[in-house]
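Taking it in order: structure first as structure tokens, then the write-up.
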Amino acid sequence: MLSVDLLRHLKSERAQKKTKEPFRRALFDRINSLVMKYALGETFLERLGNFTDDLLRESVEFDRLKAKAHFEPPLFSLSTEEEYRVTKAIIKKVNNPYLHFVNSPDEILMCGPLFSRNPFLGPDQLARYHFETLLLYELAKENPGELETPGVNHGG
């Protein structure tokens with residue numbers, strides 16, 4: 001009797017350990033598919049390296065909110081040597097958890113400034129809202145008067 005109970009117990013333990021976890025795409029595949037889709041290269045890397053608060057305020061449109069684009073990266077990426085290099089450079093330069101939720105090149109650019117302003121955003125917010133919308137919210141918290149005049153960009 002003891003050996004039958006032990007055998008049943010071992011089988012049930014093994015069955016519990018084999019529960020399936022949902023497949024999660026690798027960060028490399030997400031970024032690499034964006035690199036390939038938008039033909040990102042050296043120019044984008046330079047722009048990413050020089051993206052300052054002034055450029056951020058010029059690129060953010062204060063008069064309208066952007067919708068988060070639907071983007072479903074492939075399960076695995078096959079890329080050229082150049083695409084691979086650009087992908088690895090983007091991952092190295094941005095290097096924050098929000099990068100897992102980008103769906104476009106402009107979100108890659110805004111990933112760093114958004115993370116530096118609020119590193120505590122949840123996955124639901126990051127997956128649902130465009131990073132520009134989240135940045136507008138953070139900028140409004142920093143400078144509430146900046147968004148009072150609708151339809152006027154910060155530079156004008």
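Ordering of the structure tokens sets the chain letters (A, B, ...), residue numbers begin anew at 1 in every chain, and ligands are numbered from 1 in the order given.
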- prompt: Neighbours of region 82-95 of chain A within 8 Å (only C-alpha atoms; same-chain residues fewer than 3 positions away dropped), as an MDAnalysis selection string?
  reply: chainID A and resid 28 31:32 35:36 40:42 45 48:49 79 99 108 111:112
Give me a file of those residues, with all heavy atoms, as an mmCIF file, in the first residue's frame.
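Final file, selection_35.cif:
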```cif
data_model
loop_
_atom_site.group_PDB
_atom_site.id
_atom_site.type_symbol
_atom_site.label_atom_id
_atom_site.label_comp_id
_atom_site.auth_asym_id
_atom_site.auth_seq_id
_atom_site.Cartn_x
_atom_site.Cartn_y
_atom_site.Cartn_z
ATOM 1 N N PHE A 28 14.621 40.356 -28.295
ATOM 2 C CA PHE A 28 15.357 40.477 -29.553
ATOM 3 C C PHE A 28 14.413 40.359 -30.743
ATOM 4 O O PHE A 28 14.509 41.136 -31.695
ATOM 5 C CB PHE A 28 16.461 39.410 -29.647
ATOM 6 C CG PHE A 28 17.204 39.471 -30.946
ATOM 7 C CD1 PHE A 28 18.274 40.333 -31.095
ATOM 8 C CD2 PHE A 28 16.813 38.700 -32.027
ATOM 9 C CE1 PHE A 28 18.958 40.407 -32.305
ATOM 10 C CE2 PHE A 28 17.479 38.769 -33.240
ATOM 11 C CZ PHE A 28 18.554 39.622 -33.374
ATOM 12 N N ILE A 31 12.259 43.649 -31.170
ATOM 13 C CA ILE A 31 13.028 44.790 -31.669
ATOM 14 C C ILE A 31 13.534 44.516 -33.083
ATOM 15 O O ILE A 31 13.474 45.383 -33.954
ATOM 16 C CB ILE A 31 14.200 45.130 -30.717
ATOM 17 C CG1 ILE A 31 13.677 45.420 -29.305
ATOM 18 C CG2 ILE A 31 14.998 46.312 -31.245
ATOM 19 C CD1 ILE A 31 12.599 46.480 -29.218
ATOM 20 N N ASN A 32 13.991 43.297 -33.340
ATOM 21 C CA ASN A 32 14.501 42.961 -34.664
ATOM 22 C C ASN A 32 13.411 43.058 -35.720
ATOM 23 O O ASN A 32 13.660 43.536 -36.831
ATOM 24 C CB ASN A 32 15.111 41.558 -34.651
ATOM 25 C CG ASN A 32 15.840 41.243 -35.924
ATOM 26 O OD1 ASN A 32 15.383 40.420 -36.705
ATOM 27 N ND2 ASN A 32 16.962 41.899 -36.136
ATOM 28 N N VAL A 35 13.051 46.657 -36.484
ATOM 29 C CA VAL A 35 14.197 47.098 -37.289
ATOM 30 C C VAL A 35 13.971 46.726 -38.749
ATOM 31 O O VAL A 35 14.181 47.535 -39.652
ATOM 32 C CB VAL A 35 15.512 46.477 -36.752
ATOM 33 C CG1 VAL A 35 16.653 46.647 -37.749
ATOM 34 C CG2 VAL A 35 15.891 47.107 -35.424
ATOM 35 N N MET A 36 13.511 45.503 -38.990
ATOM 36 C CA MET A 36 13.281 45.055 -40.371
ATOM 37 C C MET A 36 12.076 45.757 -41.002
ATOM 38 O O MET A 36 12.143 46.205 -42.144
ATOM 39 C CB MET A 36 13.079 43.540 -40.409
ATOM 40 C CG MET A 36 14.357 42.780 -40.086
ATOM 41 S SD MET A 36 14.252 40.991 -40.295
ATOM 42 C CE MET A 36 12.988 40.528 -39.143
ATOM 43 N N LEU A 40 15.236 50.323 -39.959
ATOM 44 C CA LEU A 40 16.017 51.161 -39.047
ATOM 45 C C LEU A 40 17.495 50.859 -39.222
ATOM 46 O O LEU A 40 17.884 49.707 -39.407
ATOM 47 C CB LEU A 40 15.596 50.897 -37.600
ATOM 48 C CG LEU A 40 14.118 51.108 -37.280
ATOM 49 C CD1 LEU A 40 13.843 50.785 -35.819
ATOM 50 C CD2 LEU A 40 13.685 52.517 -37.611
ATOM 51 N N GLY A 41 18.302 51.895 -39.174
ATOM 52 C CA GLY A 41 19.740 51.732 -39.365
ATOM 53 C C GLY A 41 20.535 52.737 -38.570
ATOM 54 O O GLY A 41 20.120 53.171 -37.493
ATOM 55 N N GLU A 42 21.665 53.140 -39.116
ATOM 56 C CA GLU A 42 22.570 54.063 -38.441
ATOM 57 C C GLU A 42 21.908 55.390 -38.089
ATOM 58 O O GLU A 42 22.148 55.946 -37.022
ATOM 59 C CB GLU A 42 23.807 54.327 -39.309
ATOM 60 C CG GLU A 42 24.813 53.208 -39.295
ATOM 61 C CD GLU A 42 25.338 52.892 -37.904
ATOM 62 O OE1 GLU A 42 25.613 53.828 -37.122
ATOM 63 O OE2 GLU A 42 25.465 51.705 -37.590
ATOM 64 N N LEU A 45 19.928 54.974 -34.986
ATOM 65 C CA LEU A 45 20.799 54.827 -33.816
ATOM 66 C C LEU A 45 21.365 56.178 -33.380
ATOM 67 O O LEU A 45 21.462 56.455 -32.182
ATOM 68 C CB LEU A 45 21.931 53.843 -34.105
ATOM 69 C CG LEU A 45 21.539 52.378 -34.214
ATOM 70 C CD1 LEU A 45 22.751 51.531 -34.593
ATOM 71 C CD2 LEU A 45 20.907 51.873 -32.935
ATOM 72 N N LEU A 48 18.597 58.029 -31.724
ATOM 73 C CA LEU A 48 18.362 57.448 -30.399
ATOM 74 C C LEU A 48 19.411 57.920 -29.402
ATOM 75 O O LEU A 48 19.093 58.242 -28.264
ATOM 76 C CB LEU A 48 18.358 55.915 -30.498
ATOM 77 C CG LEU A 48 18.062 55.126 -29.237
ATOM 78 C CD1 LEU A 48 16.672 55.457 -28.694
ATOM 79 C CD2 LEU A 48 18.160 53.630 -29.523
ATOM 80 N N GLY A 49 20.649 58.015 -29.847
ATOM 81 C CA GLY A 49 21.726 58.463 -28.972
ATOM 82 C C GLY A 49 21.657 59.942 -28.636
ATOM 83 O O GLY A 49 22.128 60.370 -27.591
ATOM 84 N N SER A 79 17.537 37.674 -39.586
ATOM 85 C CA SER A 79 17.938 39.000 -40.036
ATOM 86 C C SER A 79 19.333 38.969 -40.642
ATOM 87 O O SER A 79 20.095 38.030 -40.452
ATOM 88 C CB SER A 79 17.898 39.980 -38.865
ATOM 89 O OG SER A 79 18.780 39.576 -37.851
ATOM 90 N N LEU A 99 11.030 48.518 -22.926
ATOM 91 C CA LEU A 99 11.344 48.127 -24.299
ATOM 92 C C LEU A 99 10.541 46.899 -24.736
ATOM 93 O O LEU A 99 10.261 46.726 -25.911
ATOM 94 C CB LEU A 99 12.849 47.866 -24.421
ATOM 95 C CG LEU A 99 13.467 47.823 -25.804
ATOM 96 C CD1 LEU A 99 13.168 49.111 -26.567
ATOM 97 C CD2 LEU A 99 14.955 47.603 -25.730
ATOM 98 N N ILE A 108 10.248 53.436 -29.330
ATOM 99 C CA ILE A 108 11.624 53.121 -28.921
ATOM 100 C C ILE A 108 12.322 54.409 -28.471
ATOM 101 O O ILE A 108 12.983 54.437 -27.436
ATOM 102 C CB ILE A 108 12.420 52.459 -30.068
ATOM 103 C CG1 ILE A 108 11.852 51.081 -30.390
ATOM 104 C CG2 ILE A 108 13.901 52.335 -29.703
ATOM 105 C CD1 ILE A 108 12.453 50.418 -31.625
ATOM 106 N N CYS A 111 10.995 55.512 -25.077
ATOM 107 C CA CYS A 111 11.122 54.508 -24.029
ATOM 108 C C CYS A 111 12.007 54.993 -22.873
ATOM 109 O O CYS A 111 11.639 54.889 -21.711
ATOM 110 C CB CYS A 111 11.694 53.234 -24.651
ATOM 111 S SG CYS A 111 11.532 51.786 -23.643
ATOM 112 N N GLY A 112 13.164 55.526 -23.198
ATOM 113 C CA GLY A 112 14.091 56.011 -22.168
ATOM 114 C C GLY A 112 13.537 57.177 -21.370
ATOM 115 O O GLY A 112 13.525 57.133 -20.130
#
```
Q) Counting only C-alpha atoms, which of A:Leu78, A:Lys66, A:Pro123, A:Lys17 gets nearest to Leu136 (chain A)? A)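 With only C-alpha atoms as the atom set, the closest residue is A:Lys66.
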